[in-house]
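J.: Sharing work-v2.txt below, compact mmCIF, C-alpha atoms:
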```
# COMPACT_ATOMS: atom_id res chain seq x y z
CA MET F 1 -0.46 13.83 -3.01
CA VAL F 2 1.42 12.20 -5.84
CA LYS F 3 -0.65 9.85 -7.95
CA ARG F 4 1.07 6.61 -8.86
CA LYS F 5 0.18 4.69 -11.97
CA GLY F 6 -2.23 1.99 -10.87
CA ALA F 7 -2.28 3.24 -7.30
CA SER F 8 -6.05 3.27 -6.98
CA ASN F 9 -8.83 1.12 -8.34
CA PRO F 10 -7.08 0.59 -11.70
CA GLU F 11 -9.75 -1.26 -13.62
CA GLU F 12 -13.28 -2.53 -13.40
CA GLY F 13 -13.43 -5.79 -11.49
CA TRP F 14 -10.49 -4.89 -9.25
CA ASN F 15 -11.07 -6.30 -5.76
CA TYR F 16 -9.27 -5.25 -2.56
CA GLU F 17 -9.81 -8.55 -0.77
CA ALA F 18 -8.58 -10.52 -3.78
CA LYS F 19 -5.38 -8.44 -3.93
CA VAL F 20 -4.78 -8.96 -0.21
CA ALA F 21 -5.23 -12.72 -0.69
CA GLU F 22 -2.75 -12.65 -3.59
CA ILE F 23 -0.23 -10.75 -1.45
CA GLU F 24 -0.66 -13.29 1.34
CA GLY F 25 -0.14 -16.12 -1.15
CA ILE F 26 3.06 -14.53 -2.41
CA ILE F 27 4.35 -14.11 1.13
CA THR F 28 3.53 -17.74 1.92
CA ARG F 29 5.39 -19.00 -1.17
CA ILE F 30 8.41 -16.83 -0.42
CA GLU F 31 8.53 -17.89 3.23
CA ALA F 32 8.12 -21.56 2.29
CA GLY F 33 11.15 -21.36 0.01
CA GLU F 34 9.14 -22.69 -2.93
CA LEU F 35 10.58 -20.21 -5.43
CA GLU F 36 13.87 -19.77 -7.24
CA LEU F 37 15.71 -16.58 -6.32
CA GLU F 38 14.72 -14.76 -9.51
CA ALA F 39 11.08 -15.68 -8.94
CA VAL F 40 11.33 -14.37 -5.37
CA PHE F 41 12.33 -10.95 -6.68
CA ASP F 42 9.61 -10.99 -9.33
CA GLN F 43 6.95 -12.02 -6.81
CA PHE F 44 8.20 -9.45 -4.31
CA ALA F 45 7.88 -6.71 -6.97
CA THR F 46 4.35 -7.92 -7.73
CA ALA F 47 3.43 -7.86 -4.04
CA VAL F 48 4.77 -4.31 -3.69
CA GLU F 49 2.67 -3.16 -6.66
CA TYR F 50 -0.43 -4.81 -5.19
CA LEU F 51 0.29 -3.11 -1.85
CA ARG F 52 0.50 0.25 -3.64
CA GLN F 53 -2.83 -0.42 -5.32
CA CYS F 54 -4.40 -1.34 -1.98
CA GLU F 55 -2.94 1.74 -0.32
CA GLY F 56 -4.35 3.97 -3.07
CA PHE F 57 -7.74 2.29 -2.77
CA LEU F 58 -7.81 2.83 1.00
CA GLN F 59 -6.68 6.44 0.70
CA GLN F 60 -9.41 7.12 -1.84
CA ARG F 61 -12.04 5.58 0.42
CA GLN F 62 -10.71 7.52 3.43
CA GLN F 63 -11.11 10.76 1.48
CA GLN F 64 -14.69 9.80 0.67
CA VAL F 65 -15.43 9.07 4.34
CA ASP F 66 -13.84 12.36 5.41
CA LEU F 67 -15.96 14.24 2.88
CA LEU F 68 -19.13 12.52 4.09
CA ILE F 69 -18.30 13.32 7.71
CA GLU F 70 -17.60 16.93 6.79
CA THR F 71 -20.91 17.13 4.93
CA LEU F 72 -22.78 15.70 7.92
CA SER F 73 -21.06 18.13 10.28
CA GLN F 74 -22.21 21.09 8.18
CA GLU F 75 -25.88 20.11 8.35
```
Mind turning the file's structure into structure tokens?

T.:
Amino acid sequence: MVKRKGASNPEEGWNYEAKVAEIEGIITRIEAGELELEAVFDQFATAVEYLRQCEGFLQQRQQQVDLLIETLSQE
């Protein structure tokens, strides 16, 4: 697996639900046509980065769950 910069929990205080809410807000603003074209691209890039962070977070947690299940199976 290739690690991306900032792909997992990048800093203390990072919150999955907050990032999802920010992504949803970006999508809402883009769909509403509230943004200039340049801002649309900037916001889209931000949303993609947040999605990468969320994906990394979920992958990390899935690995932890898999390890716990494996440990339980061995007992």

J.: CA of Tyr50 in chain F and CA of Glu22 in chain F are how many Å apart?

T.: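 We find that CA of Tyr50 in chain F and CA of Glu22 in chain F lie 8.3 Å from each other.
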
J.: Please determine the residues with any atom at most 12 Å from (1.0, -17.6, -5.7) (coordinates as given in the file, with all atoms listed in the file counting) and report them as JSON, numbers by chain.

T.: {"F": [19, 20, 21, 22, 23, 24, 25, 26, 27, 28, 29, 30, 31, 32, 34, 35, 39, 40, 42, 43, 44, 46, 47]}

J.: Can you tell me how far CA of Gly13 in chain F sits from CA of Gln53 in chain F, in Å to one decimal?

T.: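 Calculated distance between CA of Gly13 in chain F and CA of Gln53 in chain F is 13.4 Å.
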
J.: Kindly give the distance, in Å, that separates CA of Asn15 in chain F and CA of Phe41 in chain F, rounded to a single decimal.

T.: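 Separation of CA of Asn15 in chain F and CA of Phe41 in chain F: 23.9 Å.
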
J.: Mind working out the centre and edge lengths of an axis-aligned box for range 55-68 of chain F, all listed atoms inside, 3 Å added to each side, rounded to one decimal in Å and written as lines of an AutoDock Vina configuration file?

T.:
```
center_x = -11.0
center_y = 8.0
center_z = 1.2
size_x = 22.2
size_y = 18.5
size_z = 14.5
```

J.: Between F:Leu67, F:Gln59, F:Cys54, F:Leu72, which one has atoms that come closest to Trp14 in chain F, using all atoms listed in the file?

T.: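 Checking each of F:Leu67, F:Gln59, F:Cys54, F:Leu72 against Trp14 in chain F, counting all atoms listed in the file, the winner is F:Cys54.
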